[in-house]
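Structure data (mmCIF, C-alpha atoms) from query-v9.cif:
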data_query
#
loop_
_atom_site.label_atom_id
_atom_site.label_comp_id
_atom_site.auth_asym_id
_atom_site.auth_seq_id
_atom_site.Cartn_x
_atom_site.Cartn_y
_atom_site.Cartn_z
CA MET W 246 135.70 -218.14 -82.29
CA ASN W 247 136.09 -214.77 -80.68
CA PRO W 248 133.71 -214.86 -77.69
CA CYS W 249 132.97 -211.20 -78.24
CA LEU W 250 131.43 -211.88 -81.62
CA LYS W 251 127.78 -212.88 -81.64
CA LYS W 252 128.34 -214.91 -84.78
CA THR W 253 131.32 -215.73 -86.90
CA THR W 254 131.94 -213.06 -89.48
CA LYS W 255 133.87 -214.39 -92.42
CA HIS W 256 134.94 -211.08 -93.83
CA ALA W 257 135.23 -207.95 -91.77
CA ARG W 258 134.41 -204.77 -93.68
CA ILE W 259 137.58 -203.25 -92.28
CA HIS W 260 140.33 -205.25 -90.58
CA LYS W 261 143.40 -203.71 -88.92
CA GLU W 262 146.21 -205.02 -86.75
CA PHE W 263 148.41 -203.01 -84.41
CA VAL W 264 151.45 -203.64 -82.23
CA ILE W 265 151.73 -202.00 -78.80
CA GLU W 266 155.15 -201.68 -77.18
CA ARG W 267 155.73 -202.00 -73.46
CA ASN W 268 155.86 -198.65 -71.60
CA ASP W 269 155.54 -196.67 -74.83
CA ILE W 270 153.45 -194.01 -73.13
CA ALA W 271 154.30 -191.34 -75.73
CA ASN W 272 152.48 -193.35 -78.42
CA ALA W 273 149.67 -194.61 -76.20
CA GLY W 274 146.41 -193.66 -77.87
CA THR W 275 147.49 -194.43 -81.43
CA VAL W 276 145.10 -197.38 -81.73
CA ALA W 277 142.27 -195.33 -80.25
CA SER W 278 142.83 -192.37 -82.56
CA THR W 279 143.09 -194.63 -85.63
CA THR W 280 139.86 -196.35 -84.57
CA LYS W 281 138.18 -192.99 -84.14
CA ARG W 282 139.30 -191.88 -87.61
CA ILE W 283 138.03 -195.09 -89.26
CA LEU W 284 134.61 -194.85 -87.59
CA LYS W 285 134.33 -191.16 -88.40
CA ASN W 286 135.11 -191.85 -92.05
CA GLU W 287 132.47 -194.56 -92.06
CA GLY W 288 129.88 -192.03 -90.87
CA PHE W 289 129.08 -193.43 -87.43
CA PRO W 290 127.41 -191.03 -84.98
CA SER W 291 129.62 -189.36 -82.41
CA HIS W 292 128.09 -191.12 -79.36
CA PHE W 293 128.91 -194.53 -80.87
CA ILE W 294 132.43 -193.39 -81.78
CA LYS W 295 132.94 -192.14 -78.22
CA ARG W 296 131.88 -195.47 -76.73
CA VAL W 297 134.30 -197.41 -78.89
CA THR W 298 137.12 -194.91 -78.46
CA ILE W 299 136.89 -195.01 -74.65
CA GLY W 300 137.06 -198.80 -74.63
CA VAL W 301 139.97 -198.93 -77.03
CA TYR W 302 141.93 -196.22 -75.25
CA GLU W 303 141.58 -197.88 -71.84
CA ALA W 304 142.58 -201.29 -73.19
CA GLU W 305 145.50 -199.78 -75.06
CA ILE W 306 146.76 -198.03 -71.92
CA ASN W 307 146.47 -201.29 -69.98
CA VAL W 308 148.73 -203.06 -72.47
CA VAL W 309 151.25 -200.16 -72.36
CA ILE W 310 151.48 -199.80 -68.60
CA HIS W 311 150.87 -203.35 -67.34
CA SER W 312 152.21 -205.76 -69.95
CA TYR W 313 155.35 -206.73 -71.81
CA GLY W 314 153.72 -205.50 -75.02
CA GLY W 315 151.10 -206.97 -77.30
CA THR W 316 148.88 -206.80 -80.35
CA VAL W 317 145.44 -205.52 -81.24
CA ILE W 318 143.03 -206.77 -83.88
CA PHE W 319 140.29 -204.38 -85.00
CA ASP W 320 137.33 -205.57 -87.06
CA LEU W 321 134.47 -203.51 -88.35
CA ASN W 322 131.79 -206.09 -89.09
CA ASP W 323 128.29 -205.71 -90.51
CA ASP W 324 126.61 -205.39 -87.13
CA ASN W 325 129.42 -204.67 -84.67
CA VAL W 326 132.91 -203.40 -84.03
CA SER W 327 135.08 -205.94 -82.26
CA LEU W 328 138.59 -205.63 -80.86
CA THR W 329 140.93 -208.19 -79.36
CA PHE W 330 143.89 -207.11 -77.25
CA GLU W 331 146.45 -209.79 -76.57
CA ASP W 332 149.62 -209.26 -74.55
CA LYS W 333 152.69 -211.26 -73.57
CA GLY W 334 152.21 -211.24 -69.81
CA PRO W 335 152.75 -211.10 -66.87
CA GLY W 336 148.99 -211.63 -66.52
CA ILE W 337 146.36 -210.53 -64.03
CA GLU W 338 146.47 -212.32 -60.69
CA ASP W 339 142.84 -211.78 -59.69
CA ILE W 340 140.52 -210.84 -62.56
CA GLU W 341 137.48 -210.06 -60.37
CA LEU W 342 139.56 -207.71 -58.24
CA ALA W 343 141.01 -206.10 -61.37
CA LYS W 344 137.49 -205.38 -62.59
CA ALA W 345 136.58 -203.54 -59.37
CA ALA W 346 136.52 -199.77 -59.74
CA GLY W 347 139.47 -198.14 -58.04
CA PHE W 348 141.63 -201.27 -57.73
CA SER W 349 145.02 -200.75 -59.34
CA THR W 350 148.44 -202.37 -59.48
CA ALA W 351 149.90 -199.59 -61.64
CA SER W 352 153.53 -198.55 -61.23
CA SER W 353 154.47 -195.09 -60.01
CA TYR W 354 155.64 -194.42 -63.58
CA ALA W 355 152.12 -195.02 -64.86
CA ILE W 356 150.55 -193.00 -62.08
CA GLU W 357 152.84 -190.02 -62.75
CA ASN W 358 151.56 -190.09 -66.31
CA GLY W 359 147.94 -189.82 -65.22
CA PHE W 360 147.05 -193.50 -65.42
CA GLY W 361 146.53 -196.24 -62.89
CA ALA W 362 143.34 -194.97 -61.28
CA GLY W 363 141.83 -198.43 -61.41
CA MET W 364 139.11 -197.27 -63.79
CA GLY W 365 140.24 -198.94 -67.02
CA LEU W 366 138.33 -202.25 -66.90
CA PRO W 367 135.22 -200.71 -65.26
CA ASN W 368 135.17 -198.06 -68.01
CA ILE W 369 135.49 -200.73 -70.73
CA GLU W 370 132.71 -202.81 -69.19
CA ALA W 371 130.47 -199.76 -69.02
CA VAL W 372 130.86 -198.70 -72.65
CA SER W 373 130.95 -202.07 -74.43
CA ASP W 374 128.15 -204.51 -75.21
CA GLU W 375 130.40 -207.42 -74.28
CA MET W 376 133.79 -207.65 -72.65
CA HIS W 377 135.65 -210.90 -72.20
CA LEU W 378 138.87 -211.17 -70.20
CA THR W 379 141.13 -214.17 -69.73
CA SER W 380 144.57 -214.14 -68.21
CA SER W 381 147.50 -216.35 -67.27
CA LYS W 382 151.17 -215.67 -66.56
CA GLU W 383 151.81 -216.02 -70.30
CA GLY W 384 149.49 -213.19 -71.15
CA THR W 385 146.11 -211.52 -71.05
CA LYS W 386 143.45 -211.55 -73.72
CA LEU W 387 140.75 -208.93 -73.67
CA CYS W 388 138.08 -208.69 -76.30
CA MET W 389 135.25 -206.23 -76.55
CA ARG W 390 132.27 -205.86 -78.83
CA PHE W 391 130.25 -202.78 -79.68
CA ASP W 392 126.93 -203.45 -81.40
CA ILE W 393 126.08 -201.05 -84.17
CA GLY W 394 122.37 -201.74 -83.65
CA ASP W 395 120.08 -198.75 -83.67
CA ASP W 396 122.75 -196.08 -83.45
CA HIS W 397 123.88 -196.64 -87.03
CA ILE W 398 124.84 -194.09 -89.64
CA ASP W 399 124.07 -190.40 -89.02
CA SER W 400 121.14 -189.36 -91.14
CA MET Z 1384 131.00 -168.99 -73.77
CA THR Z 1385 133.82 -169.56 -76.24
CA VAL Z 1386 137.50 -170.23 -75.59
CA ASN Z 1387 138.25 -166.73 -76.84
CA GLU Z 1388 135.85 -165.10 -74.36
CA MET Z 1389 137.35 -167.17 -71.55
CA MET Z 1390 140.94 -166.20 -72.37
CA GLN Z 1391 140.12 -162.48 -72.65
CA ASN Z 1392 138.81 -162.34 -69.12
CA MET Z 1393 140.99 -164.75 -67.20
CA PRO Z 1394 144.60 -164.97 -65.98
CA LEU Z 1395 145.45 -167.42 -68.77
CA THR Z 1396 148.49 -167.50 -71.06
CA LEU Z 1397 148.09 -169.16 -74.44
CA VAL Z 1398 151.28 -171.21 -74.87
CA ASN Z 1399 150.80 -172.58 -78.39
CA LYS Z 1400 149.52 -171.38 -81.74
CA PRO Z 1401 146.17 -173.01 -82.54
CA LYS Z 1402 144.45 -171.90 -85.75
CA THR Z 1403 141.32 -171.03 -83.83
CA VAL Z 1404 140.29 -170.12 -80.28
CA SER Z 1405 136.64 -169.73 -81.18
CA ARG Z 1406 135.44 -173.18 -80.11
CA PRO Z 1407 132.43 -173.24 -77.78
CA ILE Z 1408 132.82 -174.37 -74.17
CA ASN Z 1409 130.45 -177.08 -73.00
CA LYS Z 1410 131.68 -177.15 -69.38
CA LEU Z 1411 134.80 -177.15 -67.24
CA PHE Z 1412 136.25 -180.53 -66.33
CA ALA Z 1413 138.93 -180.60 -63.60
CA SER Z 1414 140.82 -183.87 -63.09
CA ASP Z 1415 144.32 -185.29 -62.85
CA LEU Z 1416 143.31 -188.85 -63.70
CA LEU Z 1417 143.09 -189.57 -67.41
CA SER Z 1418 140.72 -192.51 -66.92
CA HIS Z 1419 138.26 -190.16 -65.28
CA VAL Z 1420 138.70 -187.66 -68.07
CA ILE Z 1421 138.21 -190.27 -70.80
CA GLY Z 1422 135.21 -191.73 -68.99
CA TYR Z 1423 133.37 -188.58 -68.03
CA ALA Z 1424 134.53 -185.51 -70.00
CA GLU Z 1425 132.53 -184.54 -73.06
CA GLU Z 1426 133.01 -182.87 -76.41
CA TYR Z 1427 133.88 -179.14 -76.10
CA ASP Z 1428 134.78 -179.38 -72.41
CA VAL Z 1429 137.80 -177.45 -71.14
CA LEU Z 1430 140.14 -179.73 -69.18
CA ILE Z 1431 141.83 -178.17 -66.15
CA THR Z 1432 144.71 -180.22 -64.78
CA VAL Z 1433 148.15 -180.33 -63.18
CA LEU Z 1434 149.08 -183.32 -65.34
CA ASN Z 1435 151.80 -182.05 -67.61
CA ASN Z 1436 152.42 -184.78 -70.16
CA ILE Z 1437 151.76 -185.73 -73.76
CA ASN Z 1438 148.93 -188.17 -72.93
CA VAL Z 1439 146.73 -185.29 -71.84
CA LEU Z 1440 146.73 -184.21 -75.49
CA GLY Z 1441 145.87 -187.70 -76.69
CA VAL Z 1442 142.82 -187.77 -74.46
CA ALA Z 1443 141.86 -184.17 -75.33
CA SER Z 1444 142.00 -185.01 -79.01
CA LEU Z 1445 140.03 -188.25 -78.68
CA LEU Z 1446 137.25 -186.43 -76.86
CA ASP Z 1447 137.34 -183.27 -79.01
CA LEU Z 1448 137.88 -181.05 -76.00
CA SER Z 1449 137.94 -177.30 -76.68
CA ALA Z 1450 141.06 -176.42 -74.66
CA VAL Z 1451 143.39 -177.54 -71.87
CA ILE Z 1452 144.45 -175.36 -68.94
CA PHE Z 1453 147.54 -176.34 -66.94
CA THR Z 1454 147.43 -174.89 -63.44
CA HIS Z 1455 150.15 -173.83 -60.95
CA ASN Z 1456 152.23 -172.22 -63.73
CA ALA Z 1457 153.26 -175.53 -65.25
CA LYS Z 1458 156.23 -175.37 -67.62
CA ILE Z 1459 155.02 -176.99 -70.83
CA LYS Z 1460 157.57 -179.03 -72.77
CA PRO Z 1461 158.24 -178.08 -76.42
CA GLU Z 1462 157.05 -181.49 -77.69
CA ILE Z 1463 153.69 -180.97 -76.00
CA ILE Z 1464 153.34 -177.52 -77.58
CA GLU Z 1465 154.26 -178.93 -80.98
CA ARG Z 1466 151.73 -181.79 -80.72
CA ALA Z 1467 149.02 -179.34 -79.60
CA ASN Z 1468 149.71 -177.22 -82.68
CA ASP Z 1469 149.32 -180.32 -84.87
CA LEU Z 1470 146.03 -181.09 -83.13
CA ASP Z 1471 144.94 -177.45 -83.28
CA LEU Z 1472 144.18 -177.58 -79.56
CA PRO Z 1473 144.55 -174.38 -77.48
CA LEU Z 1474 146.81 -174.86 -74.41
CA PHE Z 1475 146.83 -172.39 -71.55
CA THR Z 1476 148.80 -172.01 -68.35
CA THR Z 1477 147.66 -170.15 -65.27
CA PRO Z 1478 149.42 -169.27 -62.01
CA LEU Z 1479 146.21 -170.19 -60.15
CA SER Z 1480 145.35 -173.53 -58.55
CA THR Z 1481 142.79 -175.80 -60.20
CA ALA Z 1482 140.10 -174.85 -57.66
CA ASP Z 1483 140.74 -171.12 -58.05
CA ILE Z 1484 140.68 -171.05 -61.85
CA VAL Z 1485 137.51 -173.17 -61.93
CA GLN Z 1486 135.84 -170.72 -59.55
CA LYS Z 1487 136.97 -167.70 -61.58
CA ILE Z 1488 135.85 -169.07 -64.95
CA ALA Z 1489 132.57 -170.28 -63.48
CA SER Z 1490 131.89 -166.73 -62.22
CA LEU Z 1491 131.83 -165.57 -65.86
CA GLY Z 1492 128.60 -167.53 -66.22
#
Could I get this structure in the form of structure tokens?
Amino acid sequence: MNPCLKKTTKHARIHKEFVIERNDIANAGTVASTTKRILKNEGFPSHFIKRVTIGVYEAEINVVIHSYGGTVIFDLNDDNVSLTFEDKGPGIEDIELAKAAGFSTASSYAIENGFGAGMGLPNIEAVSDEMHLTSSKEGTKLCMRFDIGDDHIDS
Amino acid sequence: MTVNEMMQNMPLTLVNKPKTVSRPINKLFASDLLSHVIGYAEEYDVLITVLNNINVLGVASLLDLSAVIFTHNAKIKPEIIERANDLDLPLFTTPLSTADIVQKIASLG
């Protein structure tokens, strides 16, 4: 079971899968903009959409600049939006350090493109209701959950 | 203030062809780190930056920013201009530094 899901949801209302290529900075943000479009179409309020979009964008950039590529699963469930980012390595050496604001192992290539400030994981933790990160040399798995809760459909 | 009012009174060159420059301006947001922009900028902000790459547009579009100003006379690549046209996002260049253009626009009130 996805640890970011409060309970097992048999059928997501909307389910999408994406592939992210290594170092594909030109297309970084595709998952985030698709997510934003889906949530907008579903009538979610802008503050909820912003929360989710920030989390997705940061996680997407992490896969682009730090990993050998990976996949994303997006589920819009009855009471939450959940996303799972899974990459093919090389993994995070020290997860606690990686979560600290300002800590970065980004390449100069990433930094030249405006990334690598060490704010990705802290930003995701701040905007999500749950973030779960596991990592080994074979890859990193990051899932995040955003509860729909009170900030549901715009009236 | 709107984007149009800002461009009339400032040393700014519009480098693309957005359908509208009438969006309102919430506030100015100066940063060269996209994670700071994505974390802290808000809808209708104007981003002021030296970062001259396509990801700036991705972030601007995700946040519904009103415009982007590239400082120090940045030369904007054709693919960036094209993408900004698709997104209908006004892009400006200025010969001024980030600090100087912020100060000038802020003086408009």
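Interatomic distance, CA of Val1439 in chain Z to CA of Asn268 in chain W: 16.2 Å.
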Closest-contact table, chain W side, partner chain Z, 7 Å, counting only C-alpha atoms, as JSON lines:
{"residue": "W:Ala271", "atom": "CA", "partner": "Z:Ile1437", "partner_atom": "CA", "distance": 6.5}
{"residue": "W:Gly274", "atom": "CA", "partner": "Z:Gly1441", "partner_atom": "CA", "distance": 6.1}
{"residue": "W:Ser278", "atom": "CA", "partner": "Z:Leu1445", "partner_atom": "CA", "distance": 6.3}
{"residue": "W:Ile299", "atom": "CA", "partner": "Z:Ile1421", "partner_atom": "CA", "distance": 6.2}
{"residue": "W:Asn358", "atom": "CA", "partner": "Z:Asn1436", "partner_atom": "CA", "distance": 6.6}
{"residue": "W:Gly359", "atom": "CA", "partner": "Z:Leu1416", "partner_atom": "CA", "distance": 5.0}
{"residue": "W:Phe360", "atom": "CA", "partner": "Z:Leu1417", "partner_atom": "CA", "distance": 5.9}
{"residue": "W:Ala362", "atom": "CA", "partner": "Z:Leu1416", "partner_atom": "CA", "distance": 6.6}
{"residue": "W:Met364", "atom": "CA", "partner": "Z:Ser1418", "partner_atom": "CA", "distance": 5.9}
{"residue": "W:Gly365", "atom": "CA", "partner": "Z:Ser1418", "partner_atom": "CA", "distance": 6.4}
{"residue": "W:Asn368", "atom": "CA", "partner": "Z:Gly1422", "partner_atom": "CA", "distance": 6.4}
- [ ] Step by step: start from the point (137.8, -179.6, -75.5) in the file's coordinates, keep every protein, DNA or RNA residue that has an atom no farther than 6 Å from it, count all atoms listed in the file, and write the set as a list of chain:residue names.
- [x] Z:Glu1426, Z:Tyr1427, Z:Asp1428, Z:Val1429, Z:Asp1447, Z:Leu1448, Z:Ser1449, Z:Ala1450
Task: Contacts of range 1385-1397 of chain Z at 12 Å (all atoms listed in the file; same-chain gap of 5+ positions) as a ChimeraX atom specification - done: /Z:1403-1411,1427-1431,1448-1459,1464,1467-1468,1472-1480,1483-1492
Task: Distance in Å - CA of Val308 in chain W versus CA of Gly288 in chain W - done: 28.6 Å
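Coordinates place CA of Glu331 in chain W at a distance of 9.7 Å from CA of Ser312 in chain W.
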Task: Among the residues W:Val326, W:Ile369, W:Ile318, W:Ala304, the one that comes closest to Ala345 in chain W [using only C-alpha atoms] - done: W:Ile369
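Evaluating the PyMOL selection byres ((chain W and resi 352) around 12) against the shown model yields Asn268, Asn307, Val309, Ile310, His311, Ser312, Ser349, Thr350, Ala351, Ser353, Tyr354, Ala355, Ile356, Glu357, Asn358, Gly359, Phe360, Gly361, Ala362 and Gly363 of chain W.
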Task: Residue contacts of Met389 in chain W (7 Å, all atoms listed in the file) excluding same-chain residues fewer than 2 positions away, as a list of chain:residue names - done: W:Cys249, W:Ser327, W:Leu328, W:Thr329, W:Ser373, W:Glu375, W:Met376, W:His377, W:Leu387, W:Phe391
- [ ] Tell me, as an MDAnalysis selection string, which residues lie within 12 Å of Ser381 in chain W, counting only C-alpha atoms; anything in the same chain fewer than 5 positions away does not count.
- [x] chainID W and resid 312 331:340 386:387
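Residues surrounding Ile294 in chain W within 8 Å are Lys281, Leu284, Lys285 and Phe289 of chain W [all atoms listed in the file; sequence separation below 5 positions excluded].
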- [ ] Select, from W:Leu321, W:Val372, W:Leu366, W:Leu378, the residue with the minimum atom-to-atom distance to Ile283 in chain W, counting all atoms listed in the file.
- [x] W:Leu321
Because some atoms of range 1440-1451 of chain Z are absent here, can you restore all heavy atoms and send them as a PDB file, keeping the file's coordinate frame?
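Wrote result30.pdb, looks like this:
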ATOM      1  N   LEU Z1440     147.139-184.642 -74.148  1.00  0.00           N
ATOM      2  CA  LEU Z1440     146.730-184.210 -75.490  1.00  0.00           C
ATOM      3  C   LEU Z1440     146.036-185.334 -76.243  1.00  0.00           C
ATOM      4  O   LEU Z1440     145.087-185.100 -76.985  1.00  0.00           O
ATOM      5  CB  LEU Z1440     147.945-183.732 -76.300  1.00  0.00           C
ATOM      6  CG  LEU Z1440     148.757-182.597 -75.693  1.00  0.00           C
ATOM      7  CD1 LEU Z1440     149.704-182.028 -76.729  1.00  0.00           C
ATOM      8  CD2 LEU Z1440     147.849-181.501 -75.170  1.00  0.00           C
ATOM      9  N   GLY Z1441     146.511-186.558 -76.051  1.00  0.00           N
ATOM     10  CA  GLY Z1441     145.870-187.700 -76.690  1.00  0.00           C
ATOM     11  C   GLY Z1441     144.412-187.800 -76.278  1.00  0.00           C
ATOM     12  O   GLY Z1441     143.520-187.950 -77.113  1.00  0.00           O
ATOM     13  N   VAL Z1442     144.183-187.680 -74.982  1.00  0.00           N
ATOM     14  CA  VAL Z1442     142.820-187.770 -74.460  1.00  0.00           C
ATOM     15  C   VAL Z1442     141.987-186.579 -74.941  1.00  0.00           C
ATOM     16  O   VAL Z1442     140.839-186.731 -75.370  1.00  0.00           O
ATOM     17  CB  VAL Z1442     142.851-187.833 -72.914  1.00  0.00           C
ATOM     18  CG1 VAL Z1442     141.467-187.662 -72.330  1.00  0.00           C
ATOM     19  CG2 VAL Z1442     143.444-189.155 -72.461  1.00  0.00           C
ATOM     20  N   ALA Z1443     142.581-185.382 -74.904  1.00  0.00           N
ATOM     21  CA  ALA Z1443     141.860-184.170 -75.330  1.00  0.00           C
ATOM     22  C   ALA Z1443     141.431-184.294 -76.790  1.00  0.00           C
ATOM     23  O   ALA Z1443     140.319-183.912 -77.163  1.00  0.00           O
ATOM     24  CB  ALA Z1443     142.735-182.941 -75.133  1.00  0.00           C
ATOM     25  N   SER Z1444     142.307-184.868 -77.594  1.00  0.00           N
ATOM     26  CA  SER Z1444     142.000-185.010 -79.010  1.00  0.00           C
ATOM     27  C   SER Z1444     140.936-186.074 -79.259  1.00  0.00           C
ATOM     28  O   SER Z1444     140.030-185.892 -80.065  1.00  0.00           O
ATOM     29  CB  SER Z1444     143.308-185.321 -79.747  1.00  0.00           C
ATOM     30  OG  SER Z1444     143.072-186.019 -80.898  1.00  0.00           O
ATOM     31  N   LEU Z1445     141.031-187.191 -78.519  1.00  0.00           N
ATOM     32  CA  LEU Z1445     140.030-188.250 -78.680  1.00  0.00           C
ATOM     33  C   LEU Z1445     138.629-187.758 -78.337  1.00  0.00           C
ATOM     34  O   LEU Z1445     137.657-188.159 -78.945  1.00  0.00           O
ATOM     35  CB  LEU Z1445     140.361-189.446 -77.780  1.00  0.00           C
ATOM     36  CG  LEU Z1445     141.505-190.342 -78.214  1.00  0.00           C
ATOM     37  CD1 LEU Z1445     141.758-191.397 -77.165  1.00  0.00           C
ATOM     38  CD2 LEU Z1445     141.195-191.004 -79.548  1.00  0.00           C
ATOM     39  N   LEU Z1446     138.557-186.888 -77.332  1.00  0.00           N
ATOM     40  CA  LEU Z1446     137.250-186.430 -76.860  1.00  0.00           C
ATOM     41  C   LEU Z1446     136.798-185.143 -77.529  1.00  0.00           C
ATOM     42  O   LEU Z1446     135.716-184.645 -77.249  1.00  0.00           O
ATOM     43  CB  LEU Z1446     137.296-186.212 -75.340  1.00  0.00           C
ATOM     44  CG  LEU Z1446     137.537-187.447 -74.471  1.00  0.00           C
ATOM     45  CD1 LEU Z1446     137.699-187.045 -73.022  1.00  0.00           C
ATOM     46  CD2 LEU Z1446     136.388-188.439 -74.609  1.00  0.00           C
ATOM     47  N   ASP Z1447     137.634-184.571 -78.390  1.00  0.00           N
ATOM     48  CA  ASP Z1447     137.340-183.270 -79.010  1.00  0.00           C
ATOM     49  C   ASP Z1447     137.088-182.188 -77.967  1.00  0.00           C
ATOM     50  O   ASP Z1447     136.087-181.460 -78.028  1.00  0.00           O
ATOM     51  CB  ASP Z1447     136.140-183.385 -79.973  1.00  0.00           C
ATOM     52  CG  ASP Z1447     136.471-184.240 -81.175  1.00  0.00           C
ATOM     53  OD1 ASP Z1447     137.569-184.075 -81.730  1.00  0.00           O
ATOM     54  OD2 ASP Z1447     135.651-185.099 -81.549  1.00  0.00           O
ATOM     55  N   LEU Z1448     137.991-182.110 -77.001  1.00  0.00           N
ATOM     56  CA  LEU Z1448     137.880-181.050 -76.000  1.00  0.00           C
ATOM     57  C   LEU Z1448     138.208-179.704 -76.660  1.00  0.00           C
ATOM     58  O   LEU Z1448     138.905-179.652 -77.681  1.00  0.00           O
ATOM     59  CB  LEU Z1448     138.854-181.299 -74.840  1.00  0.00           C
ATOM     60  CG  LEU Z1448     138.686-182.629 -74.091  1.00  0.00           C
ATOM     61  CD1 LEU Z1448     139.631-182.679 -72.893  1.00  0.00           C
ATOM     62  CD2 LEU Z1448     137.248-182.838 -73.624  1.00  0.00           C
ATOM     63  N   SER Z1449     137.726-178.624 -76.068  1.00  0.00           N
ATOM     64  CA  SER Z1449     137.940-177.300 -76.680  1.00  0.00           C
ATOM     65  C   SER Z1449     139.268-176.674 -76.296  1.00  0.00           C
ATOM     66  O   SER Z1449     139.809-175.867 -77.051  1.00  0.00           O
ATOM     67  CB  SER Z1449     136.803-176.355 -76.284  1.00  0.00           C
ATOM     68  OG  SER Z1449     135.648-176.690 -77.013  1.00  0.00           O
ATOM     69  N   ALA Z1450     139.790-176.998 -75.103  1.00  0.00           N
ATOM     70  CA  ALA Z1450     141.060-176.420 -74.660  1.00  0.00           C
ATOM     71  C   ALA Z1450     141.546-177.182 -73.433  1.00  0.00           C
ATOM     72  O   ALA Z1450     140.779-177.907 -72.800  1.00  0.00           O
ATOM     73  CB  ALA Z1450     140.897-174.946 -74.310  1.00  0.00           C
ATOM     74  N   VAL Z1451     142.832-176.986 -73.112  1.00  0.00           N
ATOM     75  CA  VAL Z1451     143.390-177.540 -71.870  1.00  0.00           C
ATOM     76  C   VAL Z1451     144.058-176.410 -71.108  1.00  0.00           C
ATOM     77  O   VAL Z1451     144.789-175.599 -71.694  1.00  0.00           O
ATOM     78  CB  VAL Z1451     144.422-178.654 -72.155  1.00  0.00           C
ATOM     79  CG1 VAL Z1451     145.033-179.178 -70.850  1.00  0.00           C
ATOM     80  CG2 VAL Z1451     143.778-179.815 -72.925  1.00  0.00           C
TER      81      VAL Z1451
END
